[in-house]
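Listing of structure-v8.txt; format and content: compact mmCIF, C-alpha atoms.
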```txt
# COMPACT_ATOMS: atom_id res chain seq x y z
CA MET A 7 35.84 38.55 52.87
CA LYS A 8 39.36 37.57 53.12
CA GLU A 9 41.79 38.61 55.83
CA SER A 10 45.38 38.14 55.05
CA SER A 11 48.30 38.12 57.40
CA PRO A 12 51.72 39.22 56.38
CA SER A 13 53.33 35.97 57.44
CA GLY A 14 51.56 33.84 54.72
CA SER A 15 51.37 30.70 56.86
CA LYS A 16 48.87 27.87 56.66
CA SER A 17 47.14 29.14 59.67
CA GLN A 18 45.64 32.04 57.84
CA ARG A 19 42.04 32.58 58.59
CA TYR A 20 39.30 33.63 56.26
CA SER A 21 36.02 35.00 57.15
CA GLY A 22 33.29 33.21 55.21
CA ALA A 23 29.82 34.29 54.30
CA TYR A 24 28.62 33.17 57.67
CA GLY A 25 31.40 34.82 59.53
CA ALA A 26 33.14 31.60 60.41
CA SER A 27 36.80 31.39 59.90
CA VAL A 28 38.10 28.65 57.69
CA SER A 29 41.66 27.48 57.28
CA ASP A 30 43.44 27.18 53.95
CA GLU A 31 43.39 23.48 54.11
CA GLU A 32 39.71 23.39 54.86
CA LEU A 33 39.12 25.78 52.02
CA LYS A 34 41.24 23.71 49.64
CA ARG A 35 39.42 20.62 50.78
CA ARG A 36 36.05 22.21 50.14
CA VAL A 37 37.13 23.56 46.77
CA ALA A 38 38.53 20.14 45.91
CA GLU A 39 35.24 18.54 47.01
CA GLU A 40 33.24 21.03 45.00
CA LEU A 41 35.51 20.49 42.00
CA ALA A 42 35.17 16.74 42.48
CA LEU A 43 31.39 17.12 42.72
CA GLU A 44 31.38 19.29 39.60
CA GLN A 45 33.66 16.83 37.88
CA ALA A 46 31.41 13.95 39.00
CA LYS A 47 28.31 15.84 37.77
CA LYS A 48 30.08 16.56 34.50
CA GLU A 49 31.15 12.93 34.16
CA SER A 50 27.64 11.80 35.08
CA GLU A 51 26.16 14.12 32.47
CA ASP A 52 28.78 12.95 29.98
CA GLN A 53 27.87 9.35 30.79
CA LYS A 54 24.19 10.20 30.39
CA ARG A 55 24.90 11.89 27.07
CA LEU A 56 27.09 8.97 26.03
CA LYS A 57 24.34 6.55 27.11
CA GLN A 58 21.75 8.62 25.21
CA ALA A 59 24.04 8.77 22.19
CA LYS A 60 24.50 4.99 22.31
CA GLU A 61 20.74 4.56 22.69
CA LEU A 62 20.16 6.89 19.73
CA ASP A 63 22.77 4.98 17.73
CA ARG A 64 21.00 1.69 18.58
CA GLU A 65 17.64 3.21 17.64
CA ARG A 66 19.12 4.57 14.39
CA ALA A 67 20.70 1.21 13.64
CA ALA A 68 17.40 -0.56 14.38
CA ALA A 69 15.49 1.96 12.25
CA ASN A 70 18.04 1.61 9.44
CA GLU A 71 17.84 -2.17 9.69
CA GLN A 72 14.06 -2.04 9.64
CA LEU A 73 14.14 0.37 6.69
CA THR A 74 16.63 -1.86 4.89
CA ARG A 75 14.40 -4.89 5.48
CA ALA A 76 11.36 -2.96 4.24
CA ILE A 77 13.25 -1.84 1.13
CA LEU A 78 14.42 -5.40 0.47
CA GLN A 79 10.92 -6.75 0.98
CA GLU A 80 9.58 -4.11 -1.40
CA ARG A 81 12.21 -5.03 -3.98
CA ILE A 82 11.43 -8.71 -3.60
CA SER A 83 7.73 -7.97 -3.89
CA ASN A 84 8.34 -5.86 -7.00
CA GLU A 85 10.51 -8.58 -8.51
CA GLU A 86 7.87 -11.21 -7.74
CA GLU A 87 5.16 -9.02 -9.26
CA GLY A 88 7.36 -8.43 -12.30
CA ALA A 89 8.02 -12.14 -12.66
CA LYS A 90 4.33 -12.88 -12.24
CA ALA A 91 3.44 -10.23 -14.82
CA LYS A 92 5.99 -11.70 -17.27
CA HIS A 93 4.60 -15.18 -16.65
CA LEU A 94 1.04 -13.99 -17.22
CA ALA A 95 2.15 -12.12 -20.34
CA ARG A 96 3.77 -15.31 -21.66
CA GLN A 97 0.61 -17.27 -20.89
CA LEU A 98 -1.48 -14.63 -22.65
CA GLU A 99 0.79 -14.71 -25.68
CA GLU A 100 0.57 -18.52 -25.73
CA LYS A 101 -3.23 -18.40 -25.53
CA ASP A 102 -3.30 -15.76 -28.25
CA ARG A 103 -1.08 -17.95 -30.43
CA VAL A 104 -3.32 -20.98 -29.81
CA LEU A 105 -6.44 -18.93 -30.56
CA LYS A 106 -4.94 -17.61 -33.79
CA LYS A 107 -4.01 -21.15 -34.78
CA GLN A 108 -7.54 -22.34 -34.00
CA ASP A 109 -9.00 -19.38 -35.86
CA ALA A 110 -6.95 -20.24 -38.94
CA PHE A 111 -7.96 -23.91 -38.65
CA TYR A 112 -11.66 -23.08 -38.34
CA LYS A 113 -11.51 -20.58 -41.19
CA GLU A 114 -9.92 -23.28 -43.33
CA GLN A 115 -12.60 -25.77 -42.27
CA LEU A 116 -15.31 -23.20 -43.00
CA ALA A 117 -13.86 -22.56 -46.45
CA ARG A 118 -13.82 -26.32 -47.12
CA LEU A 119 -17.40 -26.69 -45.92
CA GLU A 120 -18.53 -23.74 -48.01
CA GLU A 121 -16.79 -25.21 -51.03
CA ARG A 122 -18.36 -28.63 -50.42
CA SER A 123 -21.72 -27.00 -49.84
CA SER A 124 -21.35 -25.05 -53.06
CA GLU A 125 -20.43 -28.23 -54.94
CA PHE A 126 -23.30 -30.10 -53.30
CA TYR A 127 -25.68 -27.27 -54.19
CA LYS A 128 -24.43 -27.29 -57.76
CA VAL A 129 -24.79 -31.07 -58.07
CA THR A 130 -28.17 -31.02 -56.36
CA THR A 131 -29.36 -28.21 -58.59
CA GLU A 132 -28.17 -30.08 -61.66
CA GLN A 133 -29.82 -33.30 -60.46
CA TYR A 134 -33.02 -31.44 -59.66
CA GLN A 135 -33.00 -29.79 -63.06
CA LYS A 136 -32.37 -33.13 -64.76
CA ALA A 137 -35.10 -34.85 -62.72
CA ALA A 138 -37.51 -32.00 -63.47
CA GLU A 139 -36.73 -32.29 -67.17
CA GLU A 140 -37.25 -36.07 -67.03
CA VAL A 141 -40.56 -35.69 -65.19
CA GLU A 142 -41.67 -33.03 -67.63
CA ALA A 143 -40.73 -35.28 -70.54
CA LYS A 144 -42.58 -38.25 -69.03
CA PHE A 145 -45.55 -36.05 -68.23
CA LYS A 146 -45.67 -34.79 -71.81
CA ALA A 147 -45.38 -38.36 -73.05
CA CYS A 148 -48.26 -39.34 -70.78
CA LEU A 149 -50.32 -36.45 -71.97
CA ARG A 150 -49.70 -37.46 -75.56
CA ARG A 151 -50.76 -41.02 -74.83
CA GLU A 152 -53.81 -39.79 -73.02
CA ASP A 153 -54.66 -37.53 -75.87
CA LYS A 154 -54.38 -40.48 -78.22
CA ASN A 155 -56.54 -42.56 -75.90
CA PHE A 156 -59.09 -39.77 -75.81
CA GLN A 157 -59.15 -39.49 -79.50
CA ASN A 158 -59.54 -43.22 -79.89
CA GLU A 159 -62.25 -43.59 -77.34
CA GLN A 160 -63.98 -40.36 -78.06
CA ASN A 161 -64.96 -40.31 -74.44
CA THR A 162 -64.24 -37.84 -71.77
CA ILE A 163 -61.99 -39.13 -68.99
CA ASN A 164 -62.39 -37.56 -65.61
CA VAL A 165 -59.41 -35.87 -63.98
CA ASN A 166 -58.95 -38.50 -61.29
CA SER A 167 -58.48 -41.27 -63.83
CA ARG A 168 -56.13 -39.05 -65.77
CA ASP A 169 -54.01 -38.45 -62.63
CA GLY A 170 -53.97 -42.17 -61.99
CA THR A 171 -52.78 -42.77 -65.53
CA PHE A 172 -50.14 -40.14 -65.11
CA PHE A 173 -48.82 -41.82 -62.00
CA PHE A 174 -49.06 -45.18 -63.66
CA LEU A 175 -47.07 -43.93 -66.66
CA VAL A 176 -44.49 -42.09 -64.53
CA ARG A 177 -43.77 -45.25 -62.60
CA LYS A 178 -43.18 -47.22 -65.79
```
If you convert what's in this file into structure tokens, what do you get?
Amino acid sequence: MKESSPSGSKSQRYSGAYGASVSDEELKRRVAEELALEQAKKESEDQKRLKQAKELDRERAAANEQLTRAILQERISNEEEGAKAKHLARQLEEKDRVLKKQDAFYKEQLARLEERSSEFYKVTTEQYQKAAEEVEAKFKACLRREDKNFQNEQNTINVNSRDGTFFFLVRK
């Protein structure tokens, strides 16, 4: 509670909560101290907030830097994978081209071999047919000679001697 005197001098006395009287100067000093303490607390809190804000900014910057690095690494990885895939695709195309070229070559070789085989078969068949006809002609000639020999001798010749004659005549 405050007691006021009509004179308004510095020596006014106030009765505090504890009943002690305090002078204006003492009161001003205390208020100034309390204001200074409040100001110091406020500044301290502001400094703490500023420090926390700076720390958050550093953490954000570090997180952004880390994220940027991760994104760049991912891009590099994707580009490397893309380049590798293109390289493998080119290799595959090259192998496919080589295989197609080989396939065409072997088909051509097969066609040539089949043609030669066909010609060989044809020639062999013709030669076989000719040889068979010659043997048949010689055999018939031998049989005619044998028949003449049989008629002249009027004897029966056994089969073994006839075969021997046949071979003898074929060799001639």
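Interatomic distance, atom CA of A:Glu31 to atom CA of A:Leu43: 17.7 Å.
Relative to atom CA of A:Lys92, atom CA of A:Val104 is found at 18.2 Å.
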- prompt: In Å, with one decimal, what is the gap from atom CA of A:Arg150 to atom CA of A:Gln133?
  reply: 25.3 Å
For stretch 83-119 of chain A in the structure I just supplied, write out N, CA, C and O atoms - as a PDB file, in the first residue's frame.
```
ATOM      1  N   SER A  83      24.025 -42.500 -60.587  1.00  0.00           N
ATOM      2  CA  SER A  83      23.775 -43.942 -60.657  1.00  0.00           C
ATOM      3  C   SER A  83      22.821 -44.266 -61.805  1.00  0.00           C
ATOM      4  O   SER A  83      23.051 -45.210 -62.565  1.00  0.00           O
ATOM      5  N   ASN A  84      21.760 -43.475 -61.929  1.00  0.00           N
ATOM      6  CA  ASN A  84      20.801 -43.693 -63.019  1.00  0.00           C
ATOM      7  C   ASN A  84      21.456 -43.491 -64.377  1.00  0.00           C
ATOM      8  O   ASN A  84      21.205 -44.253 -65.316  1.00  0.00           O
ATOM      9  N   GLU A  85      22.303 -42.453 -64.480  1.00  0.00           N
ATOM     10  CA  GLU A  85      22.989 -42.204 -65.739  1.00  0.00           C
ATOM     11  C   GLU A  85      23.952 -43.342 -66.062  1.00  0.00           C
ATOM     12  O   GLU A  85      24.043 -43.773 -67.214  1.00  0.00           O
ATOM     13  N   GLU A  86      24.661 -43.821 -65.031  1.00  0.00           N
ATOM     14  CA  GLU A  86      25.577 -44.945 -65.250  1.00  0.00           C
ATOM     15  C   GLU A  86      24.811 -46.185 -65.678  1.00  0.00           C
ATOM     16  O   GLU A  86      25.225 -46.900 -66.596  1.00  0.00           O
ATOM     17  N   GLU A  87      23.684 -46.448 -65.016  1.00  0.00           N
ATOM     18  CA  GLU A  87      22.867 -47.608 -65.388  1.00  0.00           C
ATOM     19  C   GLU A  87      22.334 -47.460 -66.806  1.00  0.00           C
ATOM     20  O   GLU A  87      22.298 -48.422 -67.576  1.00  0.00           O
ATOM     21  N   GLY A  88      21.921 -46.235 -67.141  1.00  0.00           N
ATOM     22  CA  GLY A  88      21.434 -45.977 -68.495  1.00  0.00           C
ATOM     23  C   GLY A  88      22.530 -46.191 -69.525  1.00  0.00           C
ATOM     24  O   GLY A  88      22.308 -46.809 -70.575  1.00  0.00           O
ATOM     25  N   ALA A  89      23.724 -45.672 -69.221  1.00  0.00           N
ATOM     26  CA  ALA A  89      24.856 -45.852 -70.132  1.00  0.00           C
ATOM     27  C   ALA A  89      25.214 -47.331 -70.253  1.00  0.00           C
ATOM     28  O   ALA A  89      25.496 -47.827 -71.354  1.00  0.00           O
ATOM     29  N   LYS A  90      25.189 -48.026 -69.128  1.00  0.00           N
ATOM     30  CA  LYS A  90      25.495 -49.459 -69.154  1.00  0.00           C
ATOM     31  C   LYS A  90      24.444 -50.213 -69.967  1.00  0.00           C
ATOM     32  O   LYS A  90      24.774 -51.096 -70.753  1.00  0.00           O
ATOM     33  N   ALA A  91      23.183 -49.847 -69.771  1.00  0.00           N
ATOM     34  CA  ALA A  91      22.102 -50.503 -70.526  1.00  0.00           C
ATOM     35  C   ALA A  91      22.257 -50.232 -72.026  1.00  0.00           C
ATOM     36  O   ALA A  91      22.086 -51.142 -72.849  1.00  0.00           O
ATOM     37  N   LYS A  92      22.608 -48.979 -72.386  1.00  0.00           N
ATOM     38  CA  LYS A  92      22.821 -48.666 -73.803  1.00  0.00           C
ATOM     39  C   LYS A  92      23.990 -49.463 -74.357  1.00  0.00           C
ATOM     40  O   LYS A  92      23.926 -49.985 -75.474  1.00  0.00           O
ATOM     41  N   HIS A  93      25.054 -49.559 -73.566  1.00  0.00           N
ATOM     42  CA  HIS A  93      26.234 -50.321 -73.997  1.00  0.00           C
ATOM     43  C   HIS A  93      25.868 -51.791 -74.205  1.00  0.00           C
ATOM     44  O   HIS A  93      26.234 -52.396 -75.223  1.00  0.00           O
ATOM     45  N   LEU A  94      25.140 -52.352 -73.253  1.00  0.00           N
ATOM     46  CA  LEU A  94      24.735 -53.750 -73.374  1.00  0.00           C
ATOM     47  C   LEU A  94      23.792 -53.946 -74.558  1.00  0.00           C
ATOM     48  O   LEU A  94      23.858 -54.957 -75.253  1.00  0.00           O
ATOM     49  N   ALA A  95      22.921 -52.961 -74.785  1.00  0.00           N
ATOM     50  CA  ALA A  95      22.002 -53.047 -75.931  1.00  0.00           C
ATOM     51  C   ALA A  95      22.798 -53.028 -77.234  1.00  0.00           C
ATOM     52  O   ALA A  95      22.497 -53.797 -78.157  1.00  0.00           O
ATOM     53  N   ARG A  96      23.835 -52.149 -77.297  1.00  0.00           N
ATOM     54  CA  ARG A  96      24.668 -52.112 -78.494  1.00  0.00           C
ATOM     55  C   ARG A  96      25.404 -53.435 -78.689  1.00  0.00           C
ATOM     56  O   ARG A  96      25.492 -53.943 -79.808  1.00  0.00           O
ATOM     57  N   GLN A  97      25.921 -53.983 -77.589  1.00  0.00           N
ATOM     58  CA  GLN A  97      26.603 -55.275 -77.683  1.00  0.00           C
ATOM     59  C   GLN A  97      25.650 -56.362 -78.170  1.00  0.00           C
ATOM     60  O   GLN A  97      26.003 -57.193 -79.001  1.00  0.00           O
ATOM     61  N   LEU A  98      24.429 -56.345 -77.633  1.00  0.00           N
ATOM     62  CA  LEU A  98      23.424 -57.331 -78.035  1.00  0.00           C
ATOM     63  C   LEU A  98      23.077 -57.179 -79.512  1.00  0.00           C
ATOM     64  O   LEU A  98      22.969 -58.175 -80.234  1.00  0.00           O
ATOM     65  N   GLU A  99      22.921 -55.934 -79.951  1.00  0.00           N
ATOM     66  CA  GLU A  99      22.627 -55.704 -81.364  1.00  0.00           C
ATOM     67  C   GLU A  99      23.779 -56.197 -82.237  1.00  0.00           C
ATOM     68  O   GLU A  99      23.556 -56.796 -83.296  1.00  0.00           O
ATOM     69  N   GLU A 100      25.015 -55.942 -81.789  1.00  0.00           N
ATOM     70  CA  GLU A 100      26.186 -56.393 -82.543  1.00  0.00           C
ATOM     71  C   GLU A 100      26.215 -57.923 -82.613  1.00  0.00           C
ATOM     72  O   GLU A 100      26.452 -58.500 -83.682  1.00  0.00           O
ATOM     73  N   LYS A 101      25.968 -58.577 -81.479  1.00  0.00           N
ATOM     74  CA  LYS A 101      25.937 -60.042 -81.473  1.00  0.00           C
ATOM     75  C   LYS A 101      24.829 -60.558 -82.387  1.00  0.00           C
ATOM     76  O   LYS A 101      25.014 -61.536 -83.110  1.00  0.00           O
ATOM     77  N   ASP A 102      23.675 -59.902 -82.318  1.00  0.00           N
ATOM     78  CA  ASP A 102      22.551 -60.308 -83.164  1.00  0.00           C
ATOM     79  C   ASP A 102      22.924 -60.165 -84.638  1.00  0.00           C
ATOM     80  O   ASP A 102      22.640 -61.048 -85.448  1.00  0.00           O
ATOM     81  N   ARG A 103      23.597 -59.055 -84.970  1.00  0.00           N
ATOM     82  CA  ARG A 103      24.025 -58.831 -86.348  1.00  0.00           C
ATOM     83  C   ARG A 103      25.018 -59.912 -86.780  1.00  0.00           C
ATOM     84  O   ARG A 103      24.900 -60.487 -87.864  1.00  0.00           O
ATOM     85  N   VAL A 104      25.976 -60.229 -85.903  1.00  0.00           N
ATOM     86  CA  VAL A 104      26.962 -61.270 -86.216  1.00  0.00           C
ATOM     87  C   VAL A 104      26.271 -62.619 -86.386  1.00  0.00           C
ATOM     88  O   VAL A 104      26.580 -63.373 -87.319  1.00  0.00           O
ATOM     89  N   LEU A 105      25.331 -62.925 -85.493  1.00  0.00           N
ATOM     90  CA  LEU A 105      24.617 -64.204 -85.588  1.00  0.00           C
ATOM     91  C   LEU A 105      23.793 -64.290 -86.871  1.00  0.00           C
ATOM     92  O   LEU A 105      23.746 -65.349 -87.513  1.00  0.00           O
ATOM     93  N   LYS A 106      23.165 -63.191 -87.252  1.00  0.00           N
ATOM     94  CA  LYS A 106      22.397 -63.196 -88.497  1.00  0.00           C
ATOM     95  C   LYS A 106      23.321 -63.399 -89.698  1.00  0.00           C
ATOM     96  O   LYS A 106      22.988 -64.133 -90.637  1.00  0.00           O
ATOM     97  N   LYS A 107      24.495 -62.755 -89.636  1.00  0.00           N
ATOM     98  CA  LYS A 107      25.464 -62.915 -90.716  1.00  0.00           C
ATOM     99  C   LYS A 107      25.942 -64.363 -90.786  1.00  0.00           C
ATOM    100  O   LYS A 107      26.011 -64.954 -91.872  1.00  0.00           O
ATOM    101  N   GLN A 108      26.237 -64.950 -89.617  1.00  0.00           N
ATOM    102  CA  GLN A 108      26.653 -66.352 -89.573  1.00  0.00           C
ATOM    103  C   GLN A 108      25.532 -67.265 -90.062  1.00  0.00           C
ATOM    104  O   GLN A 108      25.782 -68.233 -90.784  1.00  0.00           O
ATOM    105  N   ASP A 109      24.316 -66.962 -89.641  1.00  0.00           N
ATOM    106  CA  ASP A 109      23.166 -67.764 -90.061  1.00  0.00           C
ATOM    107  C   ASP A 109      23.037 -67.751 -91.585  1.00  0.00           C
ATOM    108  O   ASP A 109      22.853 -68.810 -92.206  1.00  0.00           O
ATOM    109  N   ALA A 110      23.169 -66.567 -92.175  1.00  0.00           N
ATOM    110  CA  ALA A 110      23.078 -66.469 -93.631  1.00  0.00           C
ATOM    111  C   ALA A 110      24.219 -67.249 -94.285  1.00  0.00           C
ATOM    112  O   ALA A 110      24.005 -67.966 -95.274  1.00  0.00           O
ATOM    113  N   PHE A 111      25.429 -67.124 -93.729  1.00  0.00           N
ATOM    114  CA  PHE A 111      26.584 -67.841 -94.272  1.00  0.00           C
ATOM    115  C   PHE A 111      26.357 -69.346 -94.222  1.00  0.00           C
ATOM    116  O   PHE A 111      26.575 -70.050 -95.211  1.00  0.00           O
ATOM    117  N   TYR A 112      25.902 -69.838 -93.058  1.00  0.00           N
ATOM    118  CA  TYR A 112      25.707 -71.282 -92.913  1.00  0.00           C
ATOM    119  C   TYR A 112      24.545 -71.785 -93.766  1.00  0.00           C
ATOM    120  O   TYR A 112      24.596 -72.902 -94.281  1.00  0.00           O
ATOM    121  N   LYS A 113      23.519 -70.973 -93.925  1.00  0.00           N
ATOM    122  CA  LYS A 113      22.425 -71.378 -94.811  1.00  0.00           C
ATOM    123  C   LYS A 113      22.931 -71.483 -96.244  1.00  0.00           C
ATOM    124  O   LYS A 113      22.565 -72.410 -96.978  1.00  0.00           O
ATOM    125  N   GLU A 114      23.779 -70.524 -96.628  1.00  0.00           N
ATOM    126  CA  GLU A 114      24.349 -70.568 -97.974  1.00  0.00           C
ATOM    127  C   GLU A 114      25.234 -71.808 -98.134  1.00  0.00           C
ATOM    128  O   GLU A 114      25.159 -72.506 -99.152  1.00  0.00           O
ATOM    129  N   GLN A 115      26.054 -72.093 -97.126  1.00  0.00           N
ATOM    130  CA  GLN A 115      26.904 -73.283 -97.169  1.00  0.00           C
ATOM    131  C   GLN A 115      26.059 -74.549 -97.237  1.00  0.00           C
ATOM    132  O   GLN A 115      26.376 -75.479 -97.988  1.00  0.00           O
ATOM    133  N   LEU A 116      24.988 -74.590 -96.446  1.00  0.00           N
ATOM    134  CA  LEU A 116      24.100 -75.747 -96.452  1.00  0.00           C
ATOM    135  C   LEU A 116      23.474 -75.929 -97.827  1.00  0.00           C
ATOM    136  O   LEU A 116      23.392 -77.057 -98.344  1.00  0.00           O
ATOM    137  N   ALA A 117      23.036 -74.823 -98.427  1.00  0.00           N
ATOM    138  CA  ALA A 117      22.440 -74.914 -99.762  1.00  0.00           C
ATOM    139  C   ALA A 117      23.463 -75.454-100.760  1.00  0.00           C
ATOM    140  O   ALA A 117      23.138 -76.311-101.594  1.00  0.00           O
ATOM    141  N   ARG A 118      24.711 -74.971-100.664  1.00  0.00           N
ATOM    142  CA  ARG A 118      25.766 -75.470-101.557  1.00  0.00           C
ATOM    143  C   ARG A 118      26.012 -76.962-101.343  1.00  0.00           C
ATOM    144  O   ARG A 118      26.147 -77.726-102.299  1.00  0.00           O
ATOM    145  N   LEU A 119      26.095 -77.355-100.074  1.00  0.00           N
ATOM    146  CA  LEU A 119      26.318 -78.769 -99.772  1.00  0.00           C
ATOM    147  C   LEU A 119      25.163 -79.632-100.263  1.00  0.00           C
ATOM    148  O   LEU A 119      25.377 -80.730-100.800  1.00  0.00           O
TER     149      LEU A 119
END
```
